[in-house]
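Engineer: As input, take model_0.cif (mmCIF, C-alpha atoms):
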data_work
#
loop_
_atom_site.label_atom_id
_atom_site.label_comp_id
_atom_site.auth_asym_id
_atom_site.auth_seq_id
_atom_site.Cartn_x
_atom_site.Cartn_y
_atom_site.Cartn_z
CA MET A 1 0.13 -5.21 -40.77
CA SER A 2 -2.12 -6.40 -37.94
CA GLN A 3 -3.98 -3.79 -35.93
CA ARG A 4 -4.23 -3.90 -32.18
CA LYS A 5 -7.70 -4.35 -30.75
CA LYS A 6 -9.03 -1.05 -29.43
CA ARG A 7 -8.96 -1.07 -25.64
CA ALA A 8 -11.94 0.05 -23.55
CA ALA A 9 -11.53 3.26 -21.59
CA LEU A 10 -10.05 2.91 -18.12
CA ILE A 11 -12.67 3.86 -15.51
CA PHE A 12 -12.24 4.64 -11.79
CA LEU A 13 -15.29 4.76 -9.54
CA PRO A 14 -14.80 6.24 -6.03
CA ILE A 15 -16.92 4.66 -3.29
CA ARG A 16 -17.60 6.80 -0.24
CA THR A 17 -18.41 5.07 3.07
CA LYS A 18 -19.09 5.74 6.70
CA VAL A 19 -16.13 6.14 9.05
CA ILE A 20 -14.62 2.68 9.55
CA SER A 21 -14.37 1.35 13.11
CA GLU A 22 -12.59 -1.62 14.64
CA GLY A 23 -14.54 -4.81 14.06
CA ASP A 24 -16.37 -3.60 10.95
CA ASP A 25 -16.97 -6.19 8.21
CA LEU A 26 -15.40 -4.54 5.15
CA THR A 27 -17.41 -6.72 2.77
CA GLU A 28 -20.70 -5.52 4.24
CA VAL A 29 -19.48 -1.92 4.46
CA LEU A 30 -18.61 -1.99 0.76
CA LEU A 31 -21.84 -3.67 -0.34
CA ARG A 32 -23.93 -1.10 1.54
CA ALA A 33 -21.88 1.73 0.03
CA LEU A 34 -22.28 0.27 -3.48
CA ARG A 35 -26.06 0.07 -3.08
CA LYS A 36 -26.18 3.65 -1.83
CA ALA A 37 -24.06 4.83 -4.77
CA GLY A 38 -26.08 2.81 -7.28
CA VAL A 39 -22.96 0.98 -8.47
CA LYS A 40 -22.82 -2.74 -9.30
CA LEU A 41 -19.64 -4.79 -9.55
CA GLN A 42 -18.85 -6.29 -12.94
CA ASN A 43 -16.71 -9.26 -13.93
CA GLY A 44 -13.10 -8.15 -14.27
CA ASP A 45 -13.42 -5.16 -11.92
CA VAL A 46 -10.51 -4.51 -9.59
CA LEU A 47 -11.37 -3.22 -6.12
CA VAL A 48 -8.70 -0.98 -4.59
CA VAL A 49 -8.85 -0.84 -0.78
CA ALA A 50 -7.03 1.68 1.42
CA SER A 51 -4.70 -0.09 3.85
CA LYS A 52 -5.70 2.21 6.69
CA ILE A 53 -9.28 0.93 6.81
CA VAL A 54 -7.95 -2.64 6.75
CA SER A 55 -5.74 -1.84 9.74
CA THR A 56 -8.57 -0.03 11.51
CA ALA A 57 -11.16 -2.76 10.95
CA LEU A 58 -8.74 -5.49 12.07
CA GLY A 59 -7.49 -3.57 15.10
CA TYR A 60 -3.94 -2.84 13.93
CA ARG A 61 -3.78 0.27 16.05
CA ARG A 62 -1.54 0.83 19.04
CA ARG A 63 -1.45 3.30 21.88
CA ILE A 64 1.66 5.47 21.91
CA LYS A 65 3.05 4.60 25.33
CA ASP A 66 4.54 7.03 27.83
CA SER A 67 7.05 4.62 29.34
CA GLY A 68 9.97 2.56 28.07
CA ILE A 69 11.59 5.26 25.96
CA SER A 70 15.19 4.36 25.12
CA LYS A 71 18.18 6.70 24.79
CA GLU A 72 18.20 5.79 21.11
CA ALA A 73 14.61 7.01 20.72
CA ARG A 74 15.29 10.22 22.63
CA SER A 75 18.28 10.97 20.40
CA LEU A 76 16.32 10.31 17.21
CA ALA A 77 13.44 12.41 18.48
CA ARG A 78 15.74 15.41 18.93
CA LYS A 79 17.13 14.99 15.41
CA THR A 80 13.80 14.47 13.65
CA GLY A 81 11.51 16.68 15.71
CA LEU A 82 9.15 13.73 16.24
CA PRO A 83 7.66 12.94 19.68
CA GLU A 84 9.85 10.57 21.72
CA ARG A 85 6.96 8.17 22.32
CA PHE A 86 6.23 7.92 18.60
CA VAL A 87 9.90 7.40 17.72
CA GLN A 88 10.12 4.53 20.19
CA MET A 89 7.09 2.96 18.53
CA VAL A 90 8.75 3.29 15.11
CA ILE A 91 11.94 1.60 16.34
CA ASP A 92 9.95 -1.23 17.88
CA GLU A 93 7.76 -1.72 14.82
CA CYS A 94 10.70 -1.97 12.37
CA GLY A 95 12.77 -4.12 14.74
CA GLY A 96 15.54 -1.51 14.83
CA ARG A 97 16.06 -1.65 11.06
CA TYR A 98 16.37 2.04 10.28
CA TYR A 99 18.98 3.69 8.08
CA GLY A 100 18.85 7.42 8.58
CA HIS A 101 16.45 10.30 9.01
CA VAL A 102 15.35 13.76 7.93
CA LYS A 103 13.15 16.21 9.76
CA GLY A 104 9.85 14.53 10.47
CA ALA A 105 10.73 11.07 9.13
CA ILE A 106 12.89 8.02 9.81
CA LEU A 107 13.87 5.69 6.96
CA THR A 108 12.96 2.15 8.00
CA LEU A 109 12.88 -1.31 6.43
CA THR A 110 9.62 -3.25 6.76
CA GLU A 111 8.18 -6.40 5.21
CA HIS A 112 6.78 -4.15 2.46
CA GLY A 113 10.12 -2.49 1.76
CA LEU A 114 11.52 0.93 2.65
CA TYR A 115 9.04 3.06 4.55
CA ALA A 116 8.95 6.35 6.40
CA ASN A 117 8.41 5.75 10.13
CA ALA A 118 7.76 2.01 9.64
CA GLY A 119 4.44 2.93 8.03
CA LEU A 120 2.98 4.23 11.31
CA ASP A 121 0.40 6.94 10.80
CA ARG A 122 -1.21 9.23 13.35
CA SER A 123 -3.62 10.90 10.90
CA ASN A 124 -7.19 9.57 10.81
CA SER A 125 -6.33 7.10 13.57
CA GLY A 126 -9.63 7.80 15.31
CA SER A 127 -10.24 8.19 19.02
CA PRO A 128 -8.43 8.24 21.37
CA ARG A 129 -5.85 10.49 19.74
CA ASP A 130 -2.80 8.97 21.44
CA HIS A 131 -2.92 6.05 19.00
CA ALA A 132 -1.20 5.32 15.70
CA VAL A 133 -2.34 3.05 12.89
CA LEU A 134 0.08 0.29 11.88
CA LEU A 135 0.51 -1.28 8.47
CA PRO A 136 -1.85 -4.26 8.23
CA LYS A 137 -0.43 -7.74 8.77
CA ASN A 138 -1.02 -10.62 6.35
CA CYS A 139 -2.23 -8.25 3.62
CA GLU A 140 -2.49 -10.96 0.99
CA ASP A 141 -4.78 -13.06 3.16
CA VAL A 142 -6.96 -9.98 3.74
CA ALA A 143 -7.16 -9.35 -0.02
CA ILE A 144 -7.97 -13.01 -0.74
CA ASN A 145 -10.67 -13.20 1.94
CA LEU A 146 -12.30 -9.96 0.75
CA ARG A 147 -12.24 -11.11 -2.86
CA ASN A 148 -13.73 -14.51 -2.01
CA ALA A 149 -16.51 -12.93 0.05
CA LEU A 150 -17.40 -10.44 -2.68
CA ASN A 151 -17.29 -13.09 -5.41
CA ARG A 152 -19.61 -15.27 -3.32
CA LYS A 153 -22.12 -12.51 -2.48
CA THR A 154 -22.20 -10.78 -5.86
CA GLY A 155 -21.52 -13.66 -8.22
CA LYS A 156 -18.89 -11.55 -9.99
CA LYS A 157 -15.25 -12.43 -10.52
CA ILE A 158 -13.16 -9.49 -9.41
CA GLY A 159 -9.64 -8.67 -8.24
CA VAL A 160 -8.62 -6.90 -5.04
CA ILE A 161 -5.64 -4.64 -4.32
CA VAL A 162 -4.72 -3.36 -0.86
CA CYS A 163 -2.98 -0.02 -1.38
CA ASP A 164 -1.06 2.49 0.71
CA SER A 165 0.53 5.89 0.21
CA HIS A 166 4.29 5.93 -0.21
CA THR A 167 7.13 8.34 -0.93
CA GLN A 168 9.57 7.98 -3.82
CA PRO A 169 13.30 8.83 -3.73
CA MET A 170 13.91 12.54 -4.33
CA ARG A 171 10.28 13.21 -5.25
CA LEU A 172 7.97 15.52 -3.35
CA GLY A 173 4.71 14.07 -2.06
CA THR A 174 3.18 10.61 -1.90
CA THR A 175 1.91 8.18 -4.51
CA GLY A 176 0.12 4.88 -4.20
CA ILE A 177 1.65 1.41 -4.03
CA ALA A 178 0.12 -2.05 -3.79
CA LEU A 179 0.80 -3.93 -0.56
CA ALA A 180 -1.01 -7.06 -1.75
CA THR A 181 -3.22 -8.36 -4.55
CA ALA A 182 -5.73 -11.16 -4.99
CA GLY A 183 -7.16 -12.49 -8.24
CA VAL A 184 -4.89 -10.51 -10.56
CA LYS A 185 -1.25 -10.45 -11.62
CA PRO A 186 0.26 -7.27 -10.13
CA THR A 187 3.01 -6.82 -12.71
CA LYS A 188 3.45 -7.22 -16.45
CA ASP A 189 6.71 -8.59 -17.81
CA GLU A 190 7.74 -6.87 -21.04
CA ARG A 191 11.16 -8.52 -21.33
CA GLY A 192 11.80 -10.12 -24.71
CA LYS A 193 8.99 -8.18 -26.38
CA LYS A 194 9.59 -5.72 -29.22
CA ASP A 195 9.07 -1.97 -29.13
CA ILE A 196 7.70 -0.04 -32.14
CA PHE A 197 11.16 -0.03 -33.76
CA GLY A 198 11.81 -3.73 -33.21
CA TYR A 199 14.11 -3.29 -30.20
CA SER A 200 13.86 -6.19 -27.77
CA MET A 201 13.06 -5.08 -24.21
CA LYS A 202 15.73 -6.19 -21.72
CA ILE A 203 14.68 -5.30 -18.18
CA THR A 204 11.27 -3.63 -18.30
CA ARG A 205 8.57 -4.95 -15.98
CA ARG A 206 5.53 -2.75 -15.42
CA ALA A 207 4.11 -2.32 -11.93
CA ILE A 208 0.48 -2.14 -13.07
CA ALA A 209 -1.01 -2.67 -9.61
CA ASP A 210 1.07 0.24 -8.28
CA CYS A 211 -0.09 2.44 -11.17
CA ILE A 212 -3.72 1.62 -10.41
CA CYS A 213 -3.12 2.46 -6.74
CA SER A 214 -1.63 5.85 -7.65
CA ALA A 215 -4.60 6.71 -9.85
CA SER A 216 -7.03 5.51 -7.17
CA GLN A 217 -5.43 7.66 -4.52
CA ILE A 218 -6.30 10.78 -6.49
CA LEU A 219 -9.90 9.90 -5.60
CA MET A 220 -9.25 8.44 -2.15
CA GLY A 221 -7.38 11.48 -0.90
CA GLU A 222 -5.38 11.68 2.32
CA ARG A 223 -7.54 13.77 4.63
CA ASP A 224 -11.34 13.79 5.13
CA GLU A 225 -12.65 12.34 1.85
CA GLN A 226 -14.03 9.11 3.42
CA THR A 227 -13.41 7.26 0.15
CA PRO A 228 -11.49 4.10 1.11
CA PHE A 229 -12.65 2.06 -1.91
CA VAL A 230 -12.15 2.66 -5.62
CA ILE A 231 -13.35 0.35 -8.37
CA CYS A 232 -11.06 0.18 -11.39
CA ARG A 233 -12.82 -1.02 -14.53
CA ASN A 234 -11.10 -2.19 -17.75
CA SER A 235 -7.74 -2.33 -15.94
CA GLY A 236 -6.25 -4.87 -18.31
CA LEU A 237 -4.76 -6.77 -15.38
CA GLU A 238 -4.45 -10.47 -16.12
CA PRO A 239 -6.54 -12.64 -13.77
CA SER A 240 -4.76 -15.21 -11.60
CA ASP A 241 -5.65 -17.26 -8.53
CA LYS A 242 -1.99 -17.64 -7.52
CA ARG A 243 -0.43 -15.88 -4.53
CA LEU A 244 1.66 -13.24 -6.28
CA SER A 245 2.02 -10.37 -3.80
CA ARG A 246 5.65 -11.20 -3.05
CA THR A 247 6.52 -11.00 -6.73
CA MET A 248 6.02 -7.22 -6.53
CA ARG A 249 9.10 -6.82 -4.34
CA ILE A 250 12.79 -7.40 -4.95
CA ALA A 251 15.64 -8.04 -2.55
CA ALA A 252 17.20 -4.93 -1.01
CA LYS A 253 20.60 -5.72 -2.53
CA LYS A 254 19.06 -5.75 -6.04
CA CYS A 255 17.16 -2.48 -5.59
CA LEU A 256 18.42 0.43 -7.70
CA TYR A 257 18.04 2.89 -4.83
CA PHE A 258 18.91 0.74 -1.83
CA GLY A 259 21.38 -1.72 -3.37
CA PRO A 260 24.29 0.72 -3.92
CA LEU A 261 24.01 1.84 -0.29
CA TYR A 262 23.81 -1.67 1.13
CA PRO A 263 27.58 -2.14 1.63
CA HIS A 264 27.62 1.05 3.73
CA MET A 265 24.68 0.15 5.98
CA SER A 266 26.82 -1.20 8.83
CA ARG A 267 28.86 2.02 8.92
CA ILE A 268 25.71 4.14 8.79
CA MET A 269 24.14 2.18 11.64
CA LYS A 270 27.25 2.63 13.79
CA THR A 271 27.18 6.40 13.35
CA LYS A 272 23.44 6.94 13.70
#
Mind turning the file's structure into structure tokens?
Structural biologist:
Amino acid sequence: MSQRKKRAALIFLPIRTKVISEGDDLTEVLLRALRKAGVKLQNGDVLVVASKIVSTALGYRRRIKDSGISKEARSLARKTGLPERFVQMVIDECGGRYYGHVKGAILTLTEHGLYANAGLDRSNSGSPRDHAVLLPKNCEDVAINLRNALNRKTGKKIGVIVCDSHTQPMRLGTTGIALATAGVKPTKDERGKKDIFGYSMKITRRAIADCICSASQILMGERDEQTPFVICRNSGLEPSDKRLSRTMRIAAKKCLYFGPLYPHMSRIMKTK
């Protein structure tokens, strides 16, 4: 019987930085932080980057306006307890694609999938305080550009993952998910492979990039940690130069959680 090669221990290295401001060069911010921490990138490392600093550096931040509040927004604000101005911003950001609400949150559909409040976040949005941070646009391009710059300046071949916090159905709290990847395959397809008893796997695909994001967010935190970068070493992710970020998502109608509700969406929207 053949023995599997022993795998190196999985290592996560948190990288603390200064407070990120609009216009900052994230490559230079990271390189300075690495030097200060005495950490050097190695071939095969995967850099996990918090989406909020991407949005902040690229200026994806909007002022929560006082005017133009619709009746729809006022009604939702009463039901959710959220400020009317913020609710209007959520509706605008998701293009009106929302499917219900609970206290403090509206379920919306974005380019990254189902999100609370279209991914808008008022925490750590900087000054002035009447602003909210949006989900970054063109995440895959951001990941590719950051990877290319770091490969060029360090001479190391690495991968990059842009991550964000996310809620799961009927689970308390947030975990991490990957919005985009560069240089690595984000998932691992186990279909057709055998388990330890010889059973052939039928549907299993592992969201490795999401798992790495969840582990990284333990170190990143959600409040005042100032740790927007985490280096994952010995991740086991397969390298790839292809654009694969879209392969992490499936159509809404095929989603286990959203698919069964899809036929009822028109009725839900009419009664919202």
Engineer: Since I can't run it myself right now, could you work out what the PyMOL selection byres ((chain A and resi 191) around 9) selects here and report it as a list of chain:residue names?
Structural biologist: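 Checking the PyMOL selection byres ((chain A and resi 191) around 9) against this file, the residues are A:Asp189, A:Glu190, A:Gly192, A:Lys193, A:Lys194, A:Ser200, A:Met201, A:Lys202, A:Ile203, A:Thr204, A:Arg205.
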Engineer: With C-alpha atoms kept, could you save the residues just selected as a compact mmCIF listing (two decimals), in the coordinates of the input?
Structural biologist:
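part.txt written:
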# COMPACT_ATOMS: atom_id res chain seq x y z
CA ASP A 189 6.71 -8.59 -17.81
CA GLU A 190 7.74 -6.87 -21.04
CA GLY A 192 11.80 -10.12 -24.71
CA LYS A 193 8.99 -8.18 -26.38
CA LYS A 194 9.59 -5.72 -29.22
CA SER A 200 13.86 -6.19 -27.77
CA MET A 201 13.06 -5.08 -24.21
CA LYS A 202 15.73 -6.19 -21.72
CA ILE A 203 14.68 -5.30 -18.18
CA THR A 204 11.27 -3.63 -18.30
CA ARG A 205 8.57 -4.95 -15.98
Engineer: Would you write out, as JSON lines, a table of all residues in range 106-221 of chain A that have an atom no more than 10 Å from an atom of range 14-18 of chain A, listing for each the closest atom pair and the distance in Å to one decimal, considering only C-alpha atoms and ordering rows by chain and rising residue number?
Structural biologist:
{"residue": "A:Ser216", "atom": "CA", "partner": "A:Pro14", "partner_atom": "CA", "distance": 7.9}
{"residue": "A:Gln217", "atom": "CA", "partner": "A:Pro14", "partner_atom": "CA", "distance": 9.6}
{"residue": "A:Ile218", "atom": "CA", "partner": "A:Pro14", "partner_atom": "CA", "distance": 9.6}
{"residue": "A:Leu219", "atom": "CA", "partner": "A:Pro14", "partner_atom": "CA", "distance": 6.1}
{"residue": "A:Met220", "atom": "CA", "partner": "A:Pro14", "partner_atom": "CA", "distance": 7.1}
Engineer: Output C-alpha atoms for every residue in that selection, as a PDB file, keeping the file's coordinate frame.
Structural biologist:
ATOM      1  CA  SER A 216      -7.030   5.510  -7.170  1.00  0.00           C
ATOM      2  CA  GLN A 217      -5.430   7.660  -4.520  1.00  0.00           C
ATOM      3  CA  ILE A 218      -6.300  10.780  -6.490  1.00  0.00           C
ATOM      4  CA  LEU A 219      -9.900   9.900  -5.600  1.00  0.00           C
ATOM      5  CA  MET A 220      -9.250   8.440  -2.150  1.00  0.00           C
TER       6      MET A 220
END
Engineer: May I ask for the distance between CA of Leu261 in chain A and CA of Thr175 in chain A, given in Å to one decimal place?
Structural biologist: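 Computing the Euclidean distance for CA of Leu261 in chain A and CA of Thr175 in chain A yields 23.4 Å.
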Engineer: Any chance you could resolve the PyMOL selection byres ((chain A and resi 120) around 7) against this file and give the residues as an MDAnalysis selection string?
Structural biologist: chainID A and resid 90 117:119 121:122 132:135
Engineer: Any idea what's packed within 12 Å of Cys94 in chain A, counting all atoms listed in the file, ignoring anything in its chain fewer than 5 positions away? Could you give it as number ranges by chain?
Structural biologist: A: 87-89, 99, 106-120, 134-135
Engineer: Rank nothing, just name the residue among A:Leu146, A:Ile212, A:Ala57, A:Val230 nearest to Asp24 in chain A, using all atoms listed in the file.
Structural biologist: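 Closest residue, counting all atoms listed in the file: A:Ala57.
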Engineer: With the file shown as input, list the residues that the PyMOL selection byres ((chain A and resi 53) around 9) selects, as a short mmCIF file (atom, residue, chain, number, x, y, z; two decimals) with C-alpha atoms, in the coordinates of the input.
Structural biologist:
data_model
loop_
_atom_site.label_atom_id
_atom_site.label_comp_id
_atom_site.auth_asym_id
_atom_site.auth_seq_id
_atom_site.Cartn_x
_atom_site.Cartn_y
_atom_site.Cartn_z
CA VAL A 19 -16.13 6.14 9.05
CA ILE A 20 -14.62 2.68 9.55
CA SER A 21 -14.37 1.35 13.11
CA GLU A 22 -12.59 -1.62 14.64
CA LEU A 26 -15.40 -4.54 5.15
CA VAL A 49 -8.85 -0.84 -0.78
CA ALA A 50 -7.03 1.68 1.42
CA SER A 51 -4.70 -0.09 3.85
CA LYS A 52 -5.70 2.21 6.69
CA VAL A 54 -7.95 -2.64 6.75
CA SER A 55 -5.74 -1.84 9.74
CA THR A 56 -8.57 -0.03 11.51
CA ALA A 57 -11.16 -2.76 10.95
CA LEU A 58 -8.74 -5.49 12.07
CA PRO A 228 -11.49 4.10 1.11
#
Engineer: When you draw a straight line from CA of Cys255 in chain A to CA of Arg206 in chain A, how long is it in Å?
Structural biologist: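 These atoms are spaced 15.2 Å apart.
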Engineer: Nearest to Ala33 in chain A: which of A:Pro260, A:Thr227, A:Ile196, A:Pro239 is it, counting all atoms listed in the file?
Structural biologist: A:Thr227
Engineer: Just give me the gap between CA of Thr247 in chain A and CA of Lys188 in chain A in Å, one decimal is fine.
Structural biologist: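 About the pair CA of Thr247 in chain A and CA of Lys188 in chain A: they are 10.9 Å apart.
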Engineer: Point out the residue among A:Thr154, A:Thr174, A:Thr187, A:Asn43 with the least atom-to-atom distance to Glu28 in chain A, counting all atoms listed in the file.
Structural biologist: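 That would be A:Thr154, the residue with the smallest distance to Glu28 in chain A.
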Engineer: Using all atoms listed in the file, which of the listed residues (A:Gln226, A:Thr167, A:Asn148, A:Thr27) sits closest to Asp241 in chain A?
Structural biologist: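 Counting all atoms listed in the file, the residue closest to Asp241 in chain A is A:Asn148.
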Engineer: Place a sphere of radius 9 Å on (-19.3, -9.1, -6.5) in the file coordinates and name every protein, DNA or RNA residue with an atom inside or on its surface, counting all atoms listed in the file; give the answer as a VMD selection string.
Structural biologist: chain A and resid 31 40 to 43 45 147 to 158
Engineer: Which residue gives the smallest distance to Val46 in chain A among A:Phe86, A:Tyr199, A:Phe12, A:Tyr60, with all atoms listed in the file counted?
Structural biologist: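 Among A:Phe86, A:Tyr199, A:Phe12, A:Tyr60, it is A:Phe12 that comes nearest to Val46 in chain A.
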Engineer: Compare A:Val48, A:Phe197, A:Gly95, A:Ser70 by their minimum atom-to-atom distance to Ala143 in chain A, counting only C-alpha atoms, and give me the closest one.
Structural biologist: A:Val48
